[in-house]
Amino acid sequence: ERKIRIEEWLKMPYGYYIDPTFLILIPAVILSFIAQMMVNSAFNKYKRVRSLNGYTGEQVARMMLNEAGLQGISIERCERSLGDHYDPRSGVIRLSPEVYNGSTIAAAGIAAHEVGHAIQYQQEYSPLIIRNAIVPAVNFSSSFSWVLFFAGILFSFKPLVTIGIFLFSATVIFQLITLPVEFNASSRALGILNSRGILYGDEVDGAKKVLRAAALTYVAAALMAVLQLVRLILISRRDD
């Protein structure tokens, strides 16, 4: 029997063979799994280690906001574990119970990260401004890109396929721009924690491990988006 070339394998019809383009997503799936394990491991470890100063996450965030001239931003407790985020529309930093009340290294690092986002808004950090500007386009494209793409495949109408791929590209761009936004927020957070003496020495290293693990989840999401785009392009060329 002759060997099947990759080009022929990719063109095999659905239903007879497993769609080989799914294999493209394996690296992103593996990275996502590793990232989630690292987040859980780092957070569970450092949420048990009390910081020397004993500041709670809420206190850390309040000190950092005041020093940055952001006294108008309030801090609220949310009930969702690891649901910490900054809401620029309401001018509120919401911290999960473990972070809001916790006086641990993990709590300080996560609270400081969210303040980092607030400072980005204050200073009009360019990648953040760009990301916010494309949010409406991303919301639209994420809803319709797959519908148009597979409608084009189903009806063998190439323009719909192309439009679907083009719309999905907005999601990829959004995920890629998110990376510097998250990395920068963590960098700001760690710098302030260290320079202001909120955490000391090994404590800063612990906070760094927590934030690096969290950042890896964004890397995994970006990789998944890129590989999904590659997959769509390969599927679109299946019948060429």
# chains A, B, ... in the order shown; residues from 1 in each chain; ligands from 1
>>> residues_around(residues="region 193-199 of chain A", least_positions_apart="2", cutoff="12 Å", atoms="only C-alpha atoms", output="JSON, numbers by chain")
{"A": [49, 50, 51, 52, 53, 54, 55, 56, 57, 59, 60, 61, 63, 64, 67, 103, 104, 105, 106, 107, 108, 109, 110, 111, 112, 113, 115, 116, 186, 187, 188, 189, 190, 191, 201, 202, 203, 204, 205, 206, 207, 208]}
>>> atom_distance(atom1="CA of Leu70 (chain A)", atom2="CA of Leu128 (chain A)")
17.9 Å
>>> closest_residue(among="A:Leu232, A:Gln71, A:Arg94, A:Ser81", to="Leu148 (chain A)", atoms="only C-alpha atoms")
A:Leu232
>>> residues_around(residues="Gln175 (chain A)", least_positions_apart="2", cutoff="9 Å", atoms="only C-alpha atoms", output="list in words")
Arg131, Ala170, Thr171, Val172, Ile173, Ile177, Thr178, Leu179, Tyr218, Val219, Ala221, Ala222, Leu223, Ala225 and Val226 of chain A
>>> write_last_selection(atoms="N, CA, C and O atoms", output="PDB file, in the first residue's frame")
ATOM      1  N   ARG A 131      -6.213  47.303  22.779  1.00  0.00           N
ATOM      2  CA  ARG A 131      -7.069  46.152  23.081  1.00  0.00           C
ATOM      3  C   ARG A 131      -8.508  46.590  23.328  1.00  0.00           C
ATOM      4  O   ARG A 131      -9.459  45.976  22.821  1.00  0.00           O
ATOM      5  N   ALA A 170      -9.532  38.706  14.266  1.00  0.00           N
ATOM      6  CA  ALA A 170      -9.673  39.748  15.292  1.00  0.00           C
ATOM      7  C   ALA A 170      -9.515  39.147  16.686  1.00  0.00           C
ATOM      8  O   ALA A 170      -8.921  39.768  17.578  1.00  0.00           O
ATOM      9  N   THR A 171     -10.032  37.931  16.871  1.00  0.00           N
ATOM     10  CA  THR A 171      -9.882  37.247  18.159  1.00  0.00           C
ATOM     11  C   THR A 171      -8.418  36.937  18.427  1.00  0.00           C
ATOM     12  O   THR A 171      -7.935  37.077  19.557  1.00  0.00           O
ATOM     13  N   VAL A 172      -7.708  36.524  17.390  1.00  0.00           N
ATOM     14  CA  VAL A 172      -6.280  36.224  17.530  1.00  0.00           C
ATOM     15  C   VAL A 172      -5.509  37.482  17.923  1.00  0.00           C
ATOM     16  O   VAL A 172      -4.665  37.458  18.832  1.00  0.00           O
ATOM     17  N   ILE A 173      -5.804  38.575  17.247  1.00  0.00           N
ATOM     18  CA  ILE A 173      -5.125  39.841  17.560  1.00  0.00           C
ATOM     19  C   ILE A 173      -5.402  40.244  19.003  1.00  0.00           C
ATOM     20  O   ILE A 173      -4.498  40.687  19.729  1.00  0.00           O
ATOM     21  N   ILE A 177      -2.531  40.823  21.857  1.00  0.00           N
ATOM     22  CA  ILE A 177      -2.349  42.116  22.522  1.00  0.00           C
ATOM     23  C   ILE A 177      -2.546  41.986  24.026  1.00  0.00           C
ATOM     24  O   ILE A 177      -1.960  42.756  24.808  1.00  0.00           O
ATOM     25  N   THR A 178      -3.336  41.004  24.450  1.00  0.00           N
ATOM     26  CA  THR A 178      -3.556  40.790  25.881  1.00  0.00           C
ATOM     27  C   THR A 178      -2.262  40.421  26.597  1.00  0.00           C
ATOM     28  O   THR A 178      -2.081  40.757  27.780  1.00  0.00           O
ATOM     29  N   LEU A 179      -1.346  39.761  25.897  1.00  0.00           N
ATOM     30  CA  LEU A 179      -0.106  39.301  26.531  1.00  0.00           C
ATOM     31  C   LEU A 179       0.716  40.444  27.130  1.00  0.00           C
ATOM     32  O   LEU A 179       1.051  40.405  28.322  1.00  0.00           O
ATOM     33  N   TYR A 218      -2.656  33.010  29.858  1.00  0.00           N
ATOM     34  CA  TYR A 218      -2.891  33.915  28.725  1.00  0.00           C
ATOM     35  C   TYR A 218      -2.053  33.502  27.517  1.00  0.00           C
ATOM     36  O   TYR A 218      -2.493  33.640  26.373  1.00  0.00           O
ATOM     37  N   VAL A 219      -0.852  33.008  27.780  1.00  0.00           N
ATOM     38  CA  VAL A 219      -0.018  32.497  26.681  1.00  0.00           C
ATOM     39  C   VAL A 219      -0.705  31.304  26.022  1.00  0.00           C
ATOM     40  O   VAL A 219      -0.746  31.195  24.794  1.00  0.00           O
ATOM     41  N   ALA A 221      -3.909  30.666  25.958  1.00  0.00           N
ATOM     42  CA  ALA A 221      -5.084  31.143  25.221  1.00  0.00           C
ATOM     43  C   ALA A 221      -4.674  31.758  23.886  1.00  0.00           C
ATOM     44  O   ALA A 221      -5.349  31.558  22.867  1.00  0.00           O
ATOM     45  N   ALA A 222      -3.565  32.495  23.888  1.00  0.00           N
ATOM     46  CA  ALA A 222      -3.087  33.095  22.640  1.00  0.00           C
ATOM     47  C   ALA A 222      -2.631  32.020  21.661  1.00  0.00           C
ATOM     48  O   ALA A 222      -2.919  32.092  20.459  1.00  0.00           O
ATOM     49  N   LEU A 223      -1.927  31.014  22.175  1.00  0.00           N
ATOM     50  CA  LEU A 223      -1.476  29.919  21.313  1.00  0.00           C
ATOM     51  C   LEU A 223      -2.669  29.169  20.732  1.00  0.00           C
ATOM     52  O   LEU A 223      -2.668  28.816  19.540  1.00  0.00           O
ATOM     53  N   ALA A 225      -5.625  30.372  20.102  1.00  0.00           N
ATOM     54  CA  ALA A 225      -6.245  31.207  19.076  1.00  0.00           C
ATOM     55  C   ALA A 225      -5.453  31.158  17.774  1.00  0.00           C
ATOM     56  O   ALA A 225      -6.022  31.041  16.682  1.00  0.00           O
ATOM     57  N   VAL A 226      -4.130  31.226  17.885  1.00  0.00           N
ATOM     58  CA  VAL A 226      -3.277  31.185  16.686  1.00  0.00           C
ATOM     59  C   VAL A 226      -3.422  29.845  15.968  1.00  0.00           C
ATOM     60  O   VAL A 226      -3.570  29.791  14.734  1.00  0.00           O
TER      61      VAL A 226
END
>>> select_by_dssp(residues="region 94-213 of chain A", states="helix (DSSP H, G or I)", output="ChimeraX atom specification")
/A:97-100,105-122,126-154,158-195,202-213
>>> residues_around(residues="Val29 (chain A)", least_positions_apart="2", cutoff="12 Å", atoms="only C-alpha atoms", output="mmCIF file with C-alpha atoms, in the first residue's frame")
data_model
loop_
_atom_site.group_PDB
_atom_site.id
_atom_site.type_symbol
_atom_site.label_atom_id
_atom_site.label_comp_id
_atom_site.auth_asym_id
_atom_site.auth_seq_id
_atom_site.Cartn_x
_atom_site.Cartn_y
_atom_site.Cartn_z
ATOM 1 C CA PHE A 22 -7.530 18.728 15.395
ATOM 2 C CA LEU A 23 -3.954 17.560 15.961
ATOM 3 C CA ILE A 24 -2.773 21.115 15.411
ATOM 4 C CA LEU A 25 -4.462 22.136 18.654
ATOM 5 C CA ILE A 26 -2.667 19.578 20.833
ATOM 6 C CA PRO A 27 0.240 21.874 21.888
ATOM 7 C CA LEU A 31 -0.007 24.115 27.545
ATOM 8 C CA SER A 32 -3.445 25.054 28.893
ATOM 9 C CA PHE A 33 -3.426 21.981 31.128
ATOM 10 C CA ILE A 34 0.083 22.741 32.389
ATOM 11 C CA ALA A 35 -0.774 26.404 32.981
ATOM 12 C CA GLN A 36 -3.860 25.533 35.025
ATOM 13 C CA THR A 217 -2.797 30.867 31.029
ATOM 14 C CA VAL A 219 -0.018 32.497 26.681
ATOM 15 C CA ALA A 220 -1.963 29.249 26.316
ATOM 16 C CA ALA A 221 -5.084 31.143 25.221
ATOM 17 C CA ALA A 222 -3.087 33.095 22.640
ATOM 18 C CA LEU A 223 -1.476 29.919 21.313
ATOM 19 C CA MET A 224 -4.888 28.251 21.057
ATOM 20 C CA ALA A 225 -6.245 31.207 19.076
ATOM 21 C CA LEU A 227 -3.490 27.437 16.114
ATOM 22 C CA GLN A 228 -7.254 27.638 15.607
#
>>> closest_residue(among="A:Met38, A:Ile129, A:Leu216, A:Ile192", to="Ala68 (chain A)", atoms="only C-alpha atoms")
A:Ile192
>>> residues_around(residues="Pro88 (chain A)", least_positions_apart="2", cutoff="8 Å", atoms="only C-alpha atoms", output="list in words")
Tyr86, Ser90, Gly91, Val92, Ala118 and Tyr121 of chain A
>>> write_last_selection(atoms="N, CA, C and O atoms", output="compact mmCIF listing (two decimals), in the first residue's frame")
# COMPACT_ATOMS: atom_id res chain seq x y z
N TYR A 86 -10.08 44.16 37.62
CA TYR A 86 -10.33 45.60 37.70
C TYR A 86 -11.41 45.94 36.69
O TYR A 86 -11.31 45.59 35.51
N SER A 90 -16.67 50.87 36.17
CA SER A 90 -17.19 51.23 37.49
C SER A 90 -16.12 51.85 38.38
O SER A 90 -16.44 52.38 39.45
N GLY A 91 -14.86 51.76 37.96
CA GLY A 91 -13.78 52.26 38.79
C GLY A 91 -13.65 51.45 40.07
O GLY A 91 -13.46 52.00 41.16
N VAL A 92 -13.71 50.11 39.93
CA VAL A 92 -13.70 49.22 41.09
C VAL A 92 -12.72 48.08 40.86
O VAL A 92 -12.68 47.49 39.78
N ALA A 118 -5.13 49.10 36.91
CA ALA A 118 -5.70 50.43 37.14
C ALA A 118 -4.69 51.52 36.77
O ALA A 118 -5.06 52.55 36.19
N TYR A 121 -4.54 52.06 33.03
CA TYR A 121 -5.61 52.94 32.54
C TYR A 121 -5.27 54.40 32.83
O TYR A 121 -5.48 55.28 31.99
>>> closest_residue(among="A:Ser156, A:Glu76, A:Ala28, A:Asp87", to="Tyr100 (chain A)", atoms="only C-alpha atoms")
A:Glu76
